[in-house]
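*Asks:* Data file target-v8.pdb (PDB, C-alpha atoms) is appended below.
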```
ATOM      1  CA  GLU A  19     116.779  98.713  93.544  1.00  0.00           C
ATOM      2  CA  THR A  20     118.616  96.751  90.889  1.00  0.00           C
ATOM      3  CA  GLY A  21     116.255  97.146  87.947  1.00  0.00           C
ATOM      4  CA  THR A  22     115.754  99.874  85.437  1.00  0.00           C
ATOM      5  CA  VAL A  23     112.593 101.835  84.843  1.00  0.00           C
ATOM      6  CA  ALA A  24     111.058 103.634  81.926  1.00  0.00           C
ATOM      7  CA  ARG A  25     111.962 107.301  81.987  1.00  0.00           C
ATOM      8  CA  GLU A  26     110.078 110.266  80.663  1.00  0.00           C
ATOM      9  CA  GLU A  27     110.112 113.972  81.316  1.00  0.00           C
ATOM     10  CA  VAL A  28     108.357 114.556  84.638  1.00  0.00           C
ATOM     11  CA  ASN A  29     107.037 118.019  85.468  1.00  0.00           C
ATOM     12  CA  LEU A  30     108.443 118.138  88.988  1.00  0.00           C
ATOM     13  CA  SER A  31     106.752 121.451  89.795  1.00  0.00           C
ATOM     14  CA  GLU A  32     103.331 119.991  89.009  1.00  0.00           C
ATOM     15  CA  LEU A  33     104.094 116.738  90.838  1.00  0.00           C
ATOM     16  CA  VAL A  34     105.225 118.456  94.048  1.00  0.00           C
ATOM     17  CA  ALA A  35     102.220 120.819  94.009  1.00  0.00           C
ATOM     18  CA  SER A  36      99.787 117.940  93.470  1.00  0.00           C
ATOM     19  CA  MET A  37     101.325 115.881  96.296  1.00  0.00           C
ATOM     20  CA  VAL A  38     100.994 118.821  98.695  1.00  0.00           C
ATOM     21  CA  GLU A  39      97.363 119.223  97.624  1.00  0.00           C
ATOM     22  CA  LEU A  40      96.783 115.494  98.160  1.00  0.00           C
ATOM     23  CA  TYR A  41      98.133 115.647 101.736  1.00  0.00           C
ATOM     24  CA  ALA A  42      96.358 118.897 102.742  1.00  0.00           C
ATOM     25  CA  PRO A  43      93.293 117.087 104.199  1.00  0.00           C
ATOM     26  CA  VAL A  44      95.561 114.784 106.245  1.00  0.00           C
ATOM     27  CA  SER A  45      97.460 117.744 107.692  1.00  0.00           C
ATOM     28  CA  ASP A  46      94.196 119.564 108.483  1.00  0.00           C
ATOM     29  CA  GLU A  47      92.843 116.478 110.227  1.00  0.00           C
ATOM     30  CA  ARG A  48      95.971 116.225 112.377  1.00  0.00           C
ATOM     31  CA  GLY A  49      96.099 119.941 113.191  1.00  0.00           C
ATOM     32  CA  ILE A  50      99.369 120.474 111.332  1.00  0.00           C
ATOM     33  CA  GLU A  51      99.987 123.455 109.077  1.00  0.00           C
ATOM     34  CA  LEU A  52     101.171 122.315 105.622  1.00  0.00           C
ATOM     35  CA  SER A  53     102.724 125.026 103.484  1.00  0.00           C
ATOM     36  CA  SER A  54     104.506 124.971 100.164  1.00  0.00           C
ATOM     37  CA  ALA A  55     106.569 127.107  97.835  1.00  0.00           C
ATOM     38  CA  VAL A  56     107.010 125.541  94.419  1.00  0.00           C
ATOM     39  CA  ALA A  57     109.255 127.066  91.782  1.00  0.00           C
ATOM     40  CA  PRO A  58     107.661 126.755  88.332  1.00  0.00           C
ATOM     41  CA  GLY A  59     109.104 124.987  85.325  1.00  0.00           C
ATOM     42  CA  ALA A  60     111.196 122.291  86.996  1.00  0.00           C
ATOM     43  CA  ALA A  61     111.376 119.008  85.118  1.00  0.00           C
ATOM     44  CA  VAL A  62     113.475 115.858  85.453  1.00  0.00           C
ATOM     45  CA  GLN A  63     113.915 112.680  83.455  1.00  0.00           C
ATOM     46  CA  GLY A  64     112.473 109.885  85.514  1.00  0.00           C
ATOM     47  CA  ASN A  65     109.557 107.760  86.554  1.00  0.00           C
ATOM     48  CA  ARG A  66     106.591 109.816  87.744  1.00  0.00           C
ATOM     49  CA  GLN A  67     105.103 106.999  89.823  1.00  0.00           C
ATOM     50  CA  LEU A  68     108.325 106.322  91.725  1.00  0.00           C
ATOM     51  CA  LEU A  69     108.949 110.020  92.329  1.00  0.00           C
ATOM     52  CA  ALA A  70     105.376 110.403  93.600  1.00  0.00           C
ATOM     53  CA  GLN A  71     105.888 107.439  95.949  1.00  0.00           C
ATOM     54  CA  ALA A  72     109.101 108.958  97.304  1.00  0.00           C
ATOM     55  CA  LEU A  73     107.344 112.288  97.931  1.00  0.00           C
ATOM     56  CA  ALA A  74     104.410 110.476  99.534  1.00  0.00           C
ATOM     57  CA  ASN A  75     106.806 108.691 101.907  1.00  0.00           C
ATOM     58  CA  LEU A  76     108.470 111.969 102.867  1.00  0.00           C
ATOM     59  CA  LEU A  77     105.117 113.660 103.488  1.00  0.00           C
ATOM     60  CA  ASP A  78     103.811 110.629 105.408  1.00  0.00           C
ATOM     61  CA  ASN A  79     106.861 110.711 107.678  1.00  0.00           C
ATOM     62  CA  ALA A  80     106.753 114.477 108.175  1.00  0.00           C
ATOM     63  CA  LEU A  81     103.072 114.379 109.133  1.00  0.00           C
ATOM     64  CA  LYS A  82     103.520 111.275 111.287  1.00  0.00           C
ATOM     65  CA  PHE A  83     106.299 112.775 113.399  1.00  0.00           C
ATOM     66  CA  THR A  84     105.094 116.393 113.612  1.00  0.00           C
ATOM     67  CA  PRO A  85     102.963 117.080 116.681  1.00  0.00           C
ATOM     68  CA  ALA A  86      99.559 118.776 116.419  1.00  0.00           C
ATOM     69  CA  GLY A  87     100.063 122.507 116.085  1.00  0.00           C
ATOM     70  CA  GLY A  88     103.316 121.901 114.189  1.00  0.00           C
ATOM     71  CA  HIS A  89     104.321 122.838 110.687  1.00  0.00           C
ATOM     72  CA  VAL A  90     105.428 120.897 107.593  1.00  0.00           C
ATOM     73  CA  ARG A  91     107.022 122.890 104.780  1.00  0.00           C
ATOM     74  CA  VAL A  92     107.497 121.637 101.231  1.00  0.00           C
ATOM     75  CA  GLN A  93     109.645 123.554  98.779  1.00  0.00           C
ATOM     76  CA  LEU A  94     110.853 123.134  95.238  1.00  0.00           C
ATOM     77  CA  LEU A  95     113.944 125.312  94.934  1.00  0.00           C
ATOM     78  CA  GLY A  96     116.680 126.121  92.491  1.00  0.00           C
ATOM     79  CA  PRO A  97     116.823 126.660  88.787  1.00  0.00           C
ATOM     80  CA  PRO A  98     114.555 124.413  86.696  1.00  0.00           C
ATOM     81  CA  SER A  99     117.621 122.538  85.414  1.00  0.00           C
ATOM     82  CA  GLU A 100     118.850 121.644  88.940  1.00  0.00           C
ATOM     83  CA  PRO A 101     115.766 121.399  91.137  1.00  0.00           C
ATOM     84  CA  GLU A 102     115.831 120.591  94.827  1.00  0.00           C
ATOM     85  CA  VAL A 103     112.791 119.245  96.678  1.00  0.00           C
ATOM     86  CA  VAL A 104     112.818 119.993 100.415  1.00  0.00           C
ATOM     87  CA  VAL A 105     110.457 118.596 103.048  1.00  0.00           C
ATOM     88  CA  GLU A 106     110.900 120.084 106.509  1.00  0.00           C
ATOM     89  CA  ASP A 107     108.995 119.352 109.711  1.00  0.00           C
ATOM     90  CA  ASP A 108     108.812 120.378 113.367  1.00  0.00           C
ATOM     91  CA  GLY A 109     109.052 116.822 114.695  1.00  0.00           C
ATOM     92  CA  PRO A 110     111.813 115.310 116.821  1.00  0.00           C
ATOM     93  CA  GLY A 111     114.201 115.022 113.885  1.00  0.00           C
ATOM     94  CA  ILE A 112     116.839 112.337 113.493  1.00  0.00           C
ATOM     95  CA  PRO A 113     120.130 112.622 115.392  1.00  0.00           C
ATOM     96  CA  ALA A 114     123.106 113.247 113.100  1.00  0.00           C
ATOM     97  CA  ASP A 115     124.727 109.929 114.035  1.00  0.00           C
ATOM     98  CA  LYS A 116     121.608 107.992 113.011  1.00  0.00           C
ATOM     99  CA  ARG A 117     120.879 109.632 109.619  1.00  0.00           C
ATOM    100  CA  GLU A 118     122.747 107.060 107.523  1.00  0.00           C
ATOM    101  CA  ILE A 119     121.302 104.166 109.512  1.00  0.00           C
ATOM    102  CA  VAL A 120     117.656 105.162 108.889  1.00  0.00           C
ATOM    103  CA  LEU A 121     118.160 104.827 105.138  1.00  0.00           C
ATOM    104  CA  GLY A 122     118.435 101.047 105.524  1.00  0.00           C
ATOM    105  CA  ARG A 123     115.502  98.681 105.103  1.00  0.00           C
ATOM    106  CA  ARG A 124     113.233  98.053 108.059  1.00  0.00           C
ATOM    107  CA  VAL A 125     115.208 100.381 110.299  1.00  0.00           C
ATOM    108  CA  ARG A 126     113.118 102.148 112.916  1.00  0.00           C
ATOM    109  CA  LEU A 127     114.606 104.284 115.628  1.00  0.00           C
ATOM    110  CA  GLU A 128     113.363 103.749 119.173  1.00  0.00           C
ATOM    111  CA  GLU A 129     111.234 106.927 119.018  1.00  0.00           C
ATOM    112  CA  ALA A 130     109.373 105.594 115.951  1.00  0.00           C
ATOM    113  CA  ARG A 131     108.513 102.147 117.288  1.00  0.00           C
ATOM    114  CA  LYS A 132     105.323 103.314 118.974  1.00  0.00           C
ATOM    115  CA  LEU A 133     103.985 104.647 115.647  1.00  0.00           C
ATOM    116  CA  PRO A 134     102.646 102.580 112.743  1.00  0.00           C
ATOM    117  CA  GLY A 135     105.067 101.824 109.929  1.00  0.00           C
ATOM    118  CA  SER A 136     107.408  99.229 108.531  1.00  0.00           C
ATOM    119  CA  GLY A 137     110.699 101.142 108.388  1.00  0.00           C
ATOM    120  CA  LEU A 138     110.737 101.052 104.583  1.00  0.00           C
ATOM    121  CA  GLY A 139     109.855 104.708 103.905  1.00  0.00           C
ATOM    122  CA  LEU A 140     113.268 106.338 103.882  1.00  0.00           C
ATOM    123  CA  SER A 141     114.966 103.309 102.313  1.00  0.00           C
ATOM    124  CA  LEU A 142     112.509 103.563  99.403  1.00  0.00           C
ATOM    125  CA  VAL A 143     113.170 107.305  99.126  1.00  0.00           C
ATOM    126  CA  ALA A 144     116.921 106.582  99.060  1.00  0.00           C
ATOM    127  CA  ALA A 145     116.508 103.936  96.332  1.00  0.00           C
ATOM    128  CA  VAL A 146     114.300 106.187  94.161  1.00  0.00           C
ATOM    129  CA  THR A 147     116.707 109.087  94.630  1.00  0.00           C
ATOM    130  CA  LYS A 148     119.680 106.936  93.584  1.00  0.00           C
ATOM    131  CA  LEU A 149     117.778 105.536  90.588  1.00  0.00           C
ATOM    132  CA  HIS A 150     117.163 109.096  89.392  1.00  0.00           C
ATOM    133  CA  GLY A 151     120.799 110.149  89.806  1.00  0.00           C
ATOM    134  CA  ALA A 152     119.822 112.566  92.554  1.00  0.00           C
ATOM    135  CA  ARG A 153     121.262 113.083  96.023  1.00  0.00           C
ATOM    136  CA  LEU A 154     119.370 112.571  99.286  1.00  0.00           C
ATOM    137  CA  VAL A 155     120.406 114.773 102.209  1.00  0.00           C
ATOM    138  CA  LEU A 156     119.041 114.520 105.757  1.00  0.00           C
ATOM    139  CA  ASP A 157     119.702 117.568 107.896  1.00  0.00           C
ATOM    140  CA  ASP A 158     118.584 119.341 111.053  1.00  0.00           C
ATOM    141  CA  ALA A 159     115.622 121.716 110.694  1.00  0.00           C
ATOM    142  CA  GLY A 160     116.058 123.035 114.255  1.00  0.00           C
ATOM    143  CA  PRO A 161     113.673 121.564 115.456  1.00  0.00           C
ATOM    144  CA  GLY A 162     112.738 118.733 113.163  1.00  0.00           C
ATOM    145  CA  LEU A 163     114.113 117.120 110.064  1.00  0.00           C
ATOM    146  CA  ARG A 164     115.014 118.652 106.698  1.00  0.00           C
ATOM    147  CA  VAL A 165     115.084 116.180 103.814  1.00  0.00           C
ATOM    148  CA  SER A 166     116.407 117.337 100.432  1.00  0.00           C
ATOM    149  CA  LEU A 167     116.302 115.592  97.069  1.00  0.00           C
ATOM    150  CA  LYS A 168     118.862 117.344  94.866  1.00  0.00           C
ATOM    151  CA  PHE A 169     118.556 116.575  91.153  1.00  0.00           C
TER     152      PHE A 169
END
```
In structure tokens, how does this file's structure come out?

*Replies:*
Amino acid sequence: ETGTVAREEVNLSELVASMVELYAPVSDERGIELSSAVAPGAAVQGNRQLLAQALANLLDNALKFTPAGGHVRVQLLGPPSEPEVVVEDDGPGIPADKREIVLGRRVRLEEARKLPGSGLGLSLVAAVTKLHGARLVLDDAGPGLRVSLKF
């Protein structure tokens, strides 16, 4: 959180598409439909490994909290110069009054305590987002959670 990282141009379109492809077998195994819409040509200055880890955490969470028969949607929106990555699920979501709290380290809401995890996922996503000068927005997907990374 306090360090700096080497930055390079990261093809965000390719990264998002490859992460969705990586998680397709997991979604199939759990009976969850995983769909994506990725705008071409989006690139950001950043650290590919950290961005991949943040996306992995978002996909892990979405698949963990979405019931079988549900749907997880991944999108890369906006113009290539101002991309927005969106991960949406059909899970229970996070109440509006708890959305800031879950960004802290080792925070797990009562509903999540019965599932495996350490409570570091969203705090890591928040740190990576901040490091890249992006904005993290948690919103209601009605039902579920909508997480946006706005670069």

*Asks:* Applied to this file, what does the PyMOL selection byres ((chain A and resi 26) around 8) return in terms of residues, put as a PDB file with C-alpha atoms, in the frame of the given file?

*Replies:*
```
ATOM      1  CA  ALA A  24     111.058 103.634  81.926  1.00  0.00           C
ATOM      2  CA  ARG A  25     111.962 107.301  81.987  1.00  0.00           C
ATOM      3  CA  GLU A  27     110.112 113.972  81.316  1.00  0.00           C
ATOM      4  CA  VAL A  28     108.357 114.556  84.638  1.00  0.00           C
ATOM      5  CA  GLN A  63     113.915 112.680  83.455  1.00  0.00           C
ATOM      6  CA  GLY A  64     112.473 109.885  85.514  1.00  0.00           C
ATOM      7  CA  ASN A  65     109.557 107.760  86.554  1.00  0.00           C
ATOM      8  CA  ARG A  66     106.591 109.816  87.744  1.00  0.00           C
TER       9      ARG A  66
END
```

*Asks:* Given the file above and the PyMOL selection byres ((chain A and resi 30-42) around 6), which residues are selected, and can you give them as a PDB file with C-alpha atoms, in the frame of the given file?

*Replies:*
```
ATOM      1  CA  VAL A  28     108.357 114.556  84.638  1.00  0.00           C
ATOM      2  CA  ASN A  29     107.037 118.019  85.468  1.00  0.00           C
ATOM      3  CA  PRO A  43      93.293 117.087 104.199  1.00  0.00           C
ATOM      4  CA  VAL A  44      95.561 114.784 106.245  1.00  0.00           C
ATOM      5  CA  SER A  45      97.460 117.744 107.692  1.00  0.00           C
ATOM      6  CA  PRO A  58     107.661 126.755  88.332  1.00  0.00           C
ATOM      7  CA  ALA A  60     111.196 122.291  86.996  1.00  0.00           C
ATOM      8  CA  ALA A  61     111.376 119.008  85.118  1.00  0.00           C
TER       9      ALA A  61
END
```

*Asks:* Could you state which residues are captured by the PyMOL selection byres ((chain A and resi 155) around 10) in this file, as a list of chain:residue names?

*Replies:*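 Going through the file, the PyMOL selection byres ((chain A and resi 155) around 10) ends up selecting A:Val104, A:Arg117, A:Glu118, A:Ala144, A:Ala152, A:Arg153, A:Leu154, A:Leu156, A:Asp157, A:Arg164, A:Val165, A:Ser166, A:Leu167, A:Lys168.
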
*Asks:* Neighbours of A:Glu51 within 8 Å (all atoms listed in the file; same-chain residues fewer than 3 positions away dropped), as a PyMOL selection string?

*Replies:* chain A and resi 45-46+87-90

*Asks:* Give me, please, the distance in Å between atom CA of A:Asp107 and atom CA of A:Val62, quoted to one decimal.

*Replies:*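 That distance, rounded to one decimal, is 24.9 Å.
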
*Asks:* Go through A:Gln93, A:Ser141, A:Gly111, A:Lys148 and flag the residue nearest A:Gly160, using only C-alpha atoms for the distances.

*Replies:*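 For A:Gly160, the nearest of the given residues is A:Gly111.
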
*Asks:* From the list A:Gly151, A:Gly109, A:Gly139, A:Gly49, which residue is nearest A:Ala80 when using all atoms listed in the file?

*Replies:*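 Between A:Gly151, A:Gly109, A:Gly139, A:Gly49, the residue approaching A:Ala80 most closely is A:Gly109.
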
*Asks:* Please indicate the distance in Å from atom CA of A:Val143 to atom CA of A:Ala72, rounded to one decimal place.

*Replies:* 4.8 Å

*Asks:* To one decimal place, how far is atom CA of A:Ala86 from atom CA of A:Leu121 in Å?

*Replies:* 25.8 Å

*Asks:* For a quick check of understanding, using all atoms listed in the file, which of A:Leu140, A:Leu76, A:Leu163, A:Ile50 has the smallest distance to A:Ile112?

*Replies:* A:Leu163

*Asks:* Which of these, A:Leu95, A:Leu68, A:Ala57, A:Val120, has the shortest distance to A:His150 once you count all atoms listed in the file?

*Replies:*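 Nearest candidate to A:His150 out of A:Leu95, A:Leu68, A:Ala57, A:Val120: A:Leu68.
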
*Asks:* Ranking A:Gly59, A:Gly162, A:Pro85, A:Pro113 by minimum distance to A:Ser99 and counting all atoms listed in the file, which one comes first?

*Replies:*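 Of the candidates, the smallest distance to A:Ser99 is held by A:Gly59.
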
*Asks:* Might I get the box with edges along x, y and z of the file that holds all atoms of stretch 66-70 of chain A listed there, padded by 3 Å on every side, given as centre and edge lengths in Å to one decimal, as lines of an AutoDock Vina configuration file?

*Replies:*
```
center_x = 107.0
center_y = 108.4
center_z = 90.7
size_x = 9.8
size_y = 10.1
size_z = 11.9
```

*Asks:* Which residue out of A:Ala159, A:Pro110, A:Val105, A:Val23 has the minimum interatomic distance to A:Asp78 when all atoms listed in the file are used?

*Replies:* A:Val105
